[in-house]
Amino acid sequence: MLIQHFKMLARYNTLANYKLYGACSQLSDKELKQIRLAFFTSIYGTLNHILIGDRIWMGRFTGQEMSSTGLEAILYDDFEELWKIRVLEDEKIENFMSHLNQDFLTGTISYVNNQNKVYTDPVDMLLSHFFNHQTHHRGQIHDMLSQTEIAPPVLDMHRVLRP
């Protein structure tokens with residue numbers, strides 16, 4: 001049951017990102033990078049942060065070491081390139097979630113966070129955090145979009161998955 005839930009969240013993540021990037025694509029580069037009252041400075045900074053977080057967590061889930069870029073790094077300075085990379089990352093996430101098994105879900109993962117603290121947490125909780133992190137920051141972008149002339153897209157899970 002939990003495996004199906006994470007597959008659903010992965011699908012929602014892909015579709016919500018598609019809708020969000022579609023709305024953001026209507027903004028100029030200047031508007032995307034405009035400094036706003038946001039933790040990651042701008043719409044663009046927050047889009048990059050979500051990708052950074054996804055890569056960090058997917059690295060932990062797959063047992064790959066990820067070198068830290070810093071949580072505020074701008075990985076891709078061009079929006080079109082960032083969107084292409086986002087699509088590829090979402091494909092990786094959906095593929096990973098489609099191969100989940102019960103043994104993995106009942107395990108733990110030990111990792112070092114960006115403050116060099118070591119944690120060991122249950123996988124099911126970390127997967128929940130992974131998707132919650134994405135949704136949290138998409139909500140921030142949604143708010144920043146509402147400060148522009150572009151209407152933020154509907155991102156309610158039930159409307160994204162069942163329009």
# chains A, B, ... in the order shown; residues from 1 in each chain; ligands from 1
$ residues_around --residues "Leu71 of chain A" --least-positions-apart "3" --cutoff "10 Å" --atoms "only C-alpha atoms" --output "NGL selection string"
:A and (40 or 45-46 or 48-53 or 56 or 68 or 74 or 114)
$ write_last_selection --atoms "C-alpha atoms" --output "PDB file, in the first residue's frame"
ATOM      1  CA  PHE A  40      15.791  31.221  -1.761  1.00  0.00           C
ATOM      2  CA  GLY A  45      16.479  30.380  -6.903  1.00  0.00           C
ATOM      3  CA  THR A  46      13.673  28.262  -5.461  1.00  0.00           C
ATOM      4  CA  ASN A  48      17.089  25.464  -8.405  1.00  0.00           C
ATOM      5  CA  HIS A  49      16.804  24.648  -4.695  1.00  0.00           C
ATOM      6  CA  ILE A  50      14.110  22.037  -5.323  1.00  0.00           C
ATOM      7  CA  LEU A  51      16.374  20.362  -7.887  1.00  0.00           C
ATOM      8  CA  ILE A  52      19.306  20.439  -5.459  1.00  0.00           C
ATOM      9  CA  GLY A  53      17.173  18.851  -2.735  1.00  0.00           C
ATOM     10  CA  ILE A  56      20.672  15.115  -2.584  1.00  0.00           C
ATOM     11  CA  SER A  68      27.309  19.505  -1.803  1.00  0.00           C
ATOM     12  CA  ILE A  74      22.150  28.121  -9.063  1.00  0.00           C
ATOM     13  CA  ASN A 114      24.742  20.097   5.093  1.00  0.00           C
TER      14      ASN A 114
END
$ residues_around --residues "segment 6-11 of chain A" --least-positions-apart "6" --cutoff "8 Å" --atoms "only C-alpha atoms" --output "tab-separated table (two decimals) with N, CA and C atoms, in the first residue's frame"
chain	number	residue	atom	x	y	z
A	90	ASP	N	12.67	14.30	-12.85
A	90	ASP	CA	11.36	13.73	-12.53
A	90	ASP	C	11.21	12.32	-13.10
A	93	ILE	N	13.03	10.07	-10.73
A	93	ILE	CA	12.25	9.89	-9.49
A	93	ILE	C	11.13	8.88	-9.72
A	94	GLU	N	10.38	9.05	-10.79
A	94	GLU	CA	9.29	8.11	-11.07
A	94	GLU	C	9.83	6.70	-11.29
A	97	MET	N	10.80	5.22	-7.88
A	97	MET	CA	9.63	4.87	-7.07
A	97	MET	C	8.90	3.65	-7.65
A	98	SER	N	9.00	3.44	-8.96
A	98	SER	CA	8.33	2.29	-9.56
A	98	SER	C	9.02	0.97	-9.20
A	127	LEU	N	11.29	9.27	2.59
A	127	LEU	CA	10.56	9.40	1.33
A	127	LEU	C	9.41	10.40	1.49
A	128	SER	N	8.73	10.34	2.61
A	128	SER	CA	7.65	11.31	2.86
A	128	SER	C	8.21	12.72	2.92
A	131	PHE	N	9.03	14.14	-0.67
A	131	PHE	CA	7.90	14.70	-1.41
A	131	PHE	C	7.33	15.93	-0.72
A	161	LEU	N	-3.83	15.14	-10.40
A	161	LEU	CA	-3.88	13.72	-10.77
A	161	LEU	C	-5.18	13.34	-11.48
$ residues_around --residues "segment 25-35 of chain A" --least-positions-apart "6" --cutoff "8 Å" --atoms "only C-alpha atoms" --output "list in words"
Thr41, Ser42, Ile43, Tyr44, Gly45, Phe79 and Ile150 of chain A
$ select_by_dssp --residues "segment 7-151 of chain A" --states "helix (DSSP H, G or I)" --output "number ranges by chain"
A: 7-24, 29-32, 43-62, 79-98, 102-105, 123-145
$ atom_distance --atom1 "atom CA of Ile85 of chain A" --atom2 "atom CA of Ala73 of chain A"
15.1 Å
$ residues_around --residues "Thr106 of chain A" --least-positions-apart "2" --cutoff "8 Å" --atoms "only C-alpha atoms" --output "tab-separated table (two decimals) with N, CA, C and O atoms, in the first residue's frame"
chain	number	residue	atom	x	y	z
A	102	GLN	N	9.42	-3.63	-0.33
A	102	GLN	CA	9.14	-3.56	1.10
A	102	GLN	C	10.41	-3.57	1.94
A	102	GLN	O	10.49	-2.87	2.95
A	103	ASP	N	11.42	-4.33	1.53
A	103	ASP	CA	12.67	-4.37	2.29
A	103	ASP	C	13.30	-2.98	2.37
A	103	ASP	O	13.77	-2.56	3.43
A	104	PHE	N	13.33	-2.29	1.25
A	104	PHE	CA	13.89	-0.93	1.23
A	104	PHE	C	13.07	-0.01	2.13
A	104	PHE	O	13.62	0.74	2.92
A	108	THR	N	16.58	1.73	7.02
A	108	THR	CA	17.00	3.07	7.43
A	108	THR	C	18.12	3.53	6.50
A	108	THR	O	18.74	2.73	5.81
A	122	PRO	N	14.35	6.34	9.29
A	122	PRO	CA	13.60	5.33	8.54
A	122	PRO	C	13.33	5.80	7.11
A	122	PRO	O	13.00	6.97	6.87
A	123	VAL	N	13.48	4.89	6.16
A	123	VAL	CA	13.29	5.21	4.75
A	123	VAL	C	11.90	5.76	4.48
A	123	VAL	O	11.75	6.74	3.75
A	124	ASP	N	10.86	5.14	5.04
A	124	ASP	CA	9.50	5.61	4.74
A	124	ASP	C	9.32	7.07	5.18
A	124	ASP	O	8.67	7.85	4.48
$ closest_residue --among "A:Gln4, A:Tyr12, A:Leu155, A:Phe96" --to "Gly59 of chain A" --atoms "only C-alpha atoms"
A:Phe96
$ closest_residue --among "A:Glu149, A:Glu80, A:Asp143, A:Glu89" --to "Trp57 of chain A" --atoms "only C-alpha atoms"
A:Glu89
$ closest_residue --among "A:Leu47, A:Ala38, A:Ile109, A:Val87" --to "Gln64 of chain A" --atoms "only C-alpha atoms"
A:Ile109
$ residues_around --residues "Gln134 of chain A" --least-positions-apart "2" --cutoff "8 Å" --atoms "only C-alpha atoms" --output "PDB file with all heavy atoms, in the first residue's frame"
ATOM      1  N   ASN A  13       4.317  14.704  -8.408  1.00  0.00           N
ATOM      2  CA  ASN A  13       5.480  15.570  -8.471  1.00  0.00           C
ATOM      3  C   ASN A  13       5.796  15.949  -9.920  1.00  0.00           C
ATOM      4  O   ASN A  13       6.003  17.123 -10.239  1.00  0.00           O
ATOM      5  CB  ASN A  13       6.675  14.867  -7.824  1.00  0.00           C
ATOM      6  CG  ASN A  13       7.947  15.650  -7.937  1.00  0.00           C
ATOM      7  OD1 ASN A  13       8.080  16.722  -7.372  1.00  0.00           O
ATOM      8  ND2 ASN A  13       8.903  15.112  -8.689  1.00  0.00           N
ATOM      9  N   ILE A  50      14.871  23.292  -5.283  1.00  0.00           N
ATOM     10  CA  ILE A  50      14.110  22.037  -5.323  1.00  0.00           C
ATOM     11  C   ILE A  50      14.923  20.961  -6.042  1.00  0.00           C
ATOM     12  O   ILE A  50      14.996  19.819  -5.582  1.00  0.00           O
ATOM     13  CB  ILE A  50      12.743  22.239  -5.999  1.00  0.00           C
ATOM     14  CG1 ILE A  50      11.856  23.174  -5.169  1.00  0.00           C
ATOM     15  CG2 ILE A  50      12.041  20.894  -6.197  1.00  0.00           C
ATOM     16  CD1 ILE A  50      10.587  23.627  -5.884  1.00  0.00           C
ATOM     17  N   ASP A  54      16.238  17.476  -4.474  1.00  0.00           N
ATOM     18  CA  ASP A  54      15.900  16.196  -5.100  1.00  0.00           C
ATOM     19  C   ASP A  54      17.149  15.375  -5.373  1.00  0.00           C
ATOM     20  O   ASP A  54      17.176  14.165  -5.143  1.00  0.00           O
ATOM     21  CB  ASP A  54      15.140  16.424  -6.406  1.00  0.00           C
ATOM     22  CG  ASP A  54      13.710  16.891  -6.193  1.00  0.00           C
ATOM     23  OD1 ASP A  54      13.260  16.971  -5.038  1.00  0.00           O
ATOM     24  OD2 ASP A  54      13.042  17.172  -7.208  1.00  0.00           O
ATOM     25  N   PHE A 130      10.915  13.785   1.453  1.00  0.00           N
ATOM     26  CA  PHE A 130      11.338  14.107   0.087  1.00  0.00           C
ATOM     27  C   PHE A 130      10.196  14.761  -0.694  1.00  0.00           C
ATOM     28  O   PHE A 130      10.357  15.839  -1.279  1.00  0.00           O
ATOM     29  CB  PHE A 130      11.790  12.802  -0.576  1.00  0.00           C
ATOM     30  CG  PHE A 130      12.128  12.890  -2.030  1.00  0.00           C
ATOM     31  CD1 PHE A 130      13.242  13.578  -2.471  1.00  0.00           C
ATOM     32  CD2 PHE A 130      11.340  12.242  -2.968  1.00  0.00           C
ATOM     33  CE1 PHE A 130      13.577  13.618  -3.821  1.00  0.00           C
ATOM     34  CE2 PHE A 130      11.665  12.274  -4.317  1.00  0.00           C
ATOM     35  CZ  PHE A 130      12.776  12.973  -4.741  1.00  0.00           C
ATOM     36  N   PHE A 131       9.027  14.141  -0.672  1.00  0.00           N
ATOM     37  CA  PHE A 131       7.896  14.701  -1.408  1.00  0.00           C
ATOM     38  C   PHE A 131       7.330  15.935  -0.722  1.00  0.00           C
ATOM     39  O   PHE A 131       6.896  16.877  -1.386  1.00  0.00           O
ATOM     40  CB  PHE A 131       6.823  13.633  -1.627  1.00  0.00           C
ATOM     41  CG  PHE A 131       7.251  12.597  -2.626  1.00  0.00           C
ATOM     42  CD1 PHE A 131       7.471  11.287  -2.231  1.00  0.00           C
ATOM     43  CD2 PHE A 131       7.453  12.929  -3.956  1.00  0.00           C
ATOM     44  CE1 PHE A 131       7.877  10.331  -3.155  1.00  0.00           C
ATOM     45  CE2 PHE A 131       7.861  11.980  -4.885  1.00  0.00           C
ATOM     46  CZ  PHE A 131       8.073  10.680  -4.480  1.00  0.00           C
ATOM     47  N   ASN A 132       7.335  15.955   0.595  1.00  0.00           N
ATOM     48  CA  ASN A 132       6.860  17.134   1.318  1.00  0.00           C
ATOM     49  C   ASN A 132       7.748  18.344   1.016  1.00  0.00           C
ATOM     50  O   ASN A 132       7.250  19.472   0.853  1.00  0.00           O
ATOM     51  CB  ASN A 132       6.830  16.849   2.820  1.00  0.00           C
ATOM     52  CG  ASN A 132       6.227  17.990   3.588  1.00  0.00           C
ATOM     53  OD1 ASN A 132       5.053  18.296   3.446  1.00  0.00           O
ATOM     54  ND2 ASN A 132       7.037  18.647   4.407  1.00  0.00           N
ATOM     55  N   HIS A 136       6.351  21.808  -0.426  1.00  0.00           N
ATOM     56  CA  HIS A 136       6.575  23.011   0.375  1.00  0.00           C
ATOM     57  C   HIS A 136       7.149  24.135  -0.492  1.00  0.00           C
ATOM     58  O   HIS A 136       6.630  25.257  -0.503  1.00  0.00           O
ATOM     59  CB  HIS A 136       7.516  22.668   1.529  1.00  0.00           C
ATOM     60  CG  HIS A 136       8.093  23.835   2.234  1.00  0.00           C
ATOM     61  ND1 HIS A 136       7.349  24.648   3.063  1.00  0.00           N
ATOM     62  CD2 HIS A 136       9.355  24.329   2.234  1.00  0.00           C
ATOM     63  CE1 HIS A 136       8.135  25.607   3.547  1.00  0.00           C
ATOM     64  NE2 HIS A 136       9.353  25.424   3.056  1.00  0.00           N
ATOM     65  N   HIS A 137       8.191  23.830  -1.233  1.00  0.00           N
ATOM     66  CA  HIS A 137       8.833  24.874  -2.035  1.00  0.00           C
ATOM     67  C   HIS A 137       8.037  25.226  -3.294  1.00  0.00           C
ATOM     68  O   HIS A 137       8.080  26.374  -3.738  1.00  0.00           O
ATOM     69  CB  HIS A 137      10.274  24.487  -2.366  1.00  0.00           C
ATOM     70  CG  HIS A 137      11.164  24.569  -1.168  1.00  0.00           C
ATOM     71  ND1 HIS A 137      11.387  25.749  -0.477  1.00  0.00           N
ATOM     72  CD2 HIS A 137      11.864  23.621  -0.509  1.00  0.00           C
ATOM     73  CE1 HIS A 137      12.195  25.526   0.541  1.00  0.00           C
ATOM     74  NE2 HIS A 137      12.501  24.237   0.551  1.00  0.00           N
ATOM     75  N   ARG A 138       7.288  24.280  -3.848  1.00  0.00           N
ATOM     76  CA  ARG A 138       6.390  24.648  -4.950  1.00  0.00           C
ATOM     77  C   ARG A 138       5.352  25.647  -4.447  1.00  0.00           C
ATOM     78  O   ARG A 138       4.955  26.562  -5.168  1.00  0.00           O
ATOM     79  CB  ARG A 138       5.703  23.413  -5.551  1.00  0.00           C
ATOM     80  CG  ARG A 138       6.523  22.724  -6.601  1.00  0.00           C
ATOM     81  CD  ARG A 138       5.693  21.720  -7.391  1.00  0.00           C
ATOM     82  NE  ARG A 138       5.118  20.674  -6.576  1.00  0.00           N
ATOM     83  CZ  ARG A 138       5.683  19.477  -6.378  1.00  0.00           C
ATOM     84  NH1 ARG A 138       6.843  19.172  -6.952  1.00  0.00           N
ATOM     85  NH2 ARG A 138       5.095  18.586  -5.629  1.00  0.00           N
TER      86      ARG A 138
END
$ select_by_dssp --residues "chain A" --states "strand (DSSP E)" --output "list of chain:residue names"
A:Thr108, A:Ile109, A:Ser110, A:Tyr111, A:Val112, A:Val118, A:Tyr119, A:Thr120, A:Asp121, A:Pro122
$ write_last_selection --atoms "C-alpha atoms" --output "short mmCIF file (atom, residue, chain, number, x, y, z; two decimals), in the first residue's frame"
data_model
loop_
_atom_site.label_atom_id
_atom_site.label_comp_id
_atom_site.auth_asym_id
_atom_site.auth_seq_id
_atom_site.Cartn_x
_atom_site.Cartn_y
_atom_site.Cartn_z
CA THR A 108 17.00 3.07 7.43
CA ILE A 109 19.43 5.42 5.76
CA SER A 110 22.41 7.03 7.43
CA TYR A 111 23.56 10.33 5.96
CA VAL A 112 25.45 13.50 6.69
CA VAL A 118 25.06 12.41 10.98
CA TYR A 119 21.52 11.05 11.01
CA THR A 120 19.96 7.63 10.64
CA ASP A 121 16.27 7.74 9.76
CA PRO A 122 13.60 5.33 8.54
#
$ closest_residue --among "A:Gly139, A:Gln147, A:Phe39, A:Leu15" --to "Glu72 of chain A" --atoms "only C-alpha atoms"
A:Phe39
$ closest_residue --among "A:Thr62, A:Tyr18, A:Arg159, A:Met1" --to "Arg86 of chain A" --atoms "only C-alpha atoms"
A:Tyr18
